[in-house]
Amino acid sequence: GITVAPDGKHGAFAVVTVNEADNKYESCLWLMDMESASYRMLTSGKNERKFIWLNTEEILFVANRDKTYAEKIKNGEGWTCFYKMNIHGGEAEFAFAVPHFVTAMKLAENKLILTIAYDYSRPNFASMDAAARAEAVKAWKEEMDYEVFDEHPFWANGMGVVNKKRMRLAVYDMMSQKTEIISLDYENVEKFWVEGDSVLYTGNLYTEKRDQYQGLYRISLADGSRETLVPQGNMRVDYACVMDGKVLFLGSDMELYGINENPELYAIEDNEI
């Protein structure tokens, strides 16, 4: 779909095409004038899809253009490069790189809230010095011809092997240029929403068997404090937001119809649902 700029004058969207010759998908960003409905191509690198509006004139997007980071990724390191571009003209500029594979992002003033694909079976190469990294990469590549399954599920349709893999929540501070993972170890983050100076998210914490229910949590972006709103094991939570100072969420205990049960609207007030 189209994502509209803060002033409502422009919208941006990704167009994905199939490259049959190379058996892959290619994508570019396009810009639309919301008043005239005219549109034009904004990027042409063929691998731009994830983006957000930084302001009314600038877009921040993910792309793999830098040769140095491309080589690091080829050697097993997990990096995501971000570029900034003015919609009125000029070339895209390298903004920064995050030492994780970013799957989604949302803006919270001068911070980016990210979900990252985290693999506990892969060493953290970015935190090592050159000698240790070379040794770790060599050992890791030698073990790539087999998988260890010790969790359930260990496989998912469309995703392949998911054993020891999690979606984690992280914050990138664009002022300090530091990245911090803020969700719990081995917690799989499923959805998240930025609400003012805090983040609401659903998470499923497990080390052997994944629970069919998620917990709902709130993390303060100011001090990093974490609050449990709905304990894991009680409900499936599909959506959450803050309205008039209350946390509202769509959830279901799945007692009547299982996973097909429609959610109901709940409010949390004075720590009570």
# chains A, B, ... in the order shown; residues from 1 in each chain; ligands from 1

$ residues_around --residues "Tyr120 of chain A" --least-positions-apart "3" --cutoff "8 Å" --atoms "only C-alpha atoms" --output "PyMOL selection string"
chain A and resi 123+164-165

$ closest_atom_pairs --of "segment 133-218 of chain A" --to "segment 59-79 of chain A" --cutoff "9 Å" --atoms "only C-alpha atoms" --output "CSV"
residue,atom,partner,partner_atom,distance
A:Val137,CA,A:Gly76,CA,6.8
A:Trp140,CA,A:Gly76,CA,8.4
A:Lys141,CA,A:Gly76,CA,8.4

$ write_last_selection --atoms "N, CA and C atoms" --output "mmCIF file, in the first residue's frame"
data_model
loop_
_atom_site.group_PDB
_atom_site.id
_atom_site.type_symbol
_atom_site.label_atom_id
_atom_site.label_comp_id
_atom_site.auth_asym_id
_atom_site.auth_seq_id
_atom_site.Cartn_x
_atom_site.Cartn_y
_atom_site.Cartn_z
ATOM 1 N N VAL A 137 33.923 -17.096 11.345
ATOM 2 C CA VAL A 137 33.300 -17.270 10.032
ATOM 3 C C VAL A 137 33.697 -18.616 9.434
ATOM 4 N N TRP A 140 31.835 -21.321 11.279
ATOM 5 C CA TRP A 140 30.404 -21.255 10.967
ATOM 6 C C TRP A 140 30.119 -21.837 9.587
ATOM 7 N N LYS A 141 30.963 -21.524 8.598
ATOM 8 C CA LYS A 141 30.761 -22.034 7.240
ATOM 9 C C LYS A 141 30.953 -23.555 7.186
#

$ atom_distance --atom1 "atom CA of Arg218 of chain A" --atom2 "atom CA of Arg168 of chain A"
14.3 Å

$ residues_around --residues "Leu184 of chain A" --least-positions-apart "4" --cutoff "10 Å" --atoms "only C-alpha atoms" --output "number ranges by chain"
A: 168-169, 188-189, 203-205, 226

$ write_last_selection --atoms "N, CA, C and O atoms" --output "mmCIF file, in the first residue's frame"
data_model
loop_
_atom_site.group_PDB
_atom_site.id
_atom_site.type_symbol
_atom_site.label_atom_id
_atom_site.label_comp_id
_atom_site.auth_asym_id
_atom_site.auth_seq_id
_atom_site.Cartn_x
_atom_site.Cartn_y
_atom_site.Cartn_z
ATOM 1 N N ARG A 168 13.310 -9.973 17.059
ATOM 2 C CA ARG A 168 13.562 -9.229 18.289
ATOM 3 C C ARG A 168 13.323 -7.740 18.049
ATOM 4 O O ARG A 168 13.361 -7.260 16.913
ATOM 5 N N LEU A 169 13.081 -7.029 19.125
ATOM 6 C CA LEU A 169 12.805 -5.600 19.064
ATOM 7 C C LEU A 169 14.062 -4.831 19.435
ATOM 8 O O LEU A 169 14.717 -5.133 20.437
ATOM 9 N N ASN A 188 10.094 -14.010 20.970
ATOM 10 C CA ASN A 188 9.767 -13.744 19.579
ATOM 11 C C ASN A 188 8.745 -12.617 19.509
ATOM 12 O O ASN A 188 7.612 -12.756 19.984
ATOM 13 N N VAL A 189 9.142 -11.482 18.939
ATOM 14 C CA VAL A 189 8.263 -10.326 18.820
ATOM 15 C C VAL A 189 7.420 -10.486 17.563
ATOM 16 O O VAL A 189 7.945 -10.672 16.471
ATOM 17 N N GLY A 203 4.730 -10.473 22.399
ATOM 18 C CA GLY A 203 5.905 -11.327 22.403
ATOM 19 C C GLY A 203 5.590 -12.721 22.913
ATOM 20 O O GLY A 203 4.688 -12.912 23.741
ATOM 21 N N ASN A 204 6.331 -13.681 22.413
ATOM 22 C CA ASN A 204 6.168 -15.075 22.798
ATOM 23 C C ASN A 204 7.529 -15.587 23.247
ATOM 24 O O ASN A 204 8.435 -15.773 22.433
ATOM 25 N N LEU A 205 7.690 -15.794 24.544
ATOM 26 C CA LEU A 205 8.970 -16.223 25.109
ATOM 27 C C LEU A 205 8.993 -17.748 25.231
ATOM 28 O O LEU A 205 8.134 -18.336 25.898
ATOM 29 N N ARG A 226 10.213 -1.898 31.437
ATOM 30 C CA ARG A 226 9.323 -2.840 30.761
ATOM 31 C C ARG A 226 8.148 -3.183 31.654
ATOM 32 O O ARG A 226 8.328 -3.505 32.825
#

$ closest_residue --among "A:Gly233, A:Ser38, A:Gly258, A:Thr115" --to "Ile182 of chain A" --atoms "only C-alpha atoms"
A:Thr115
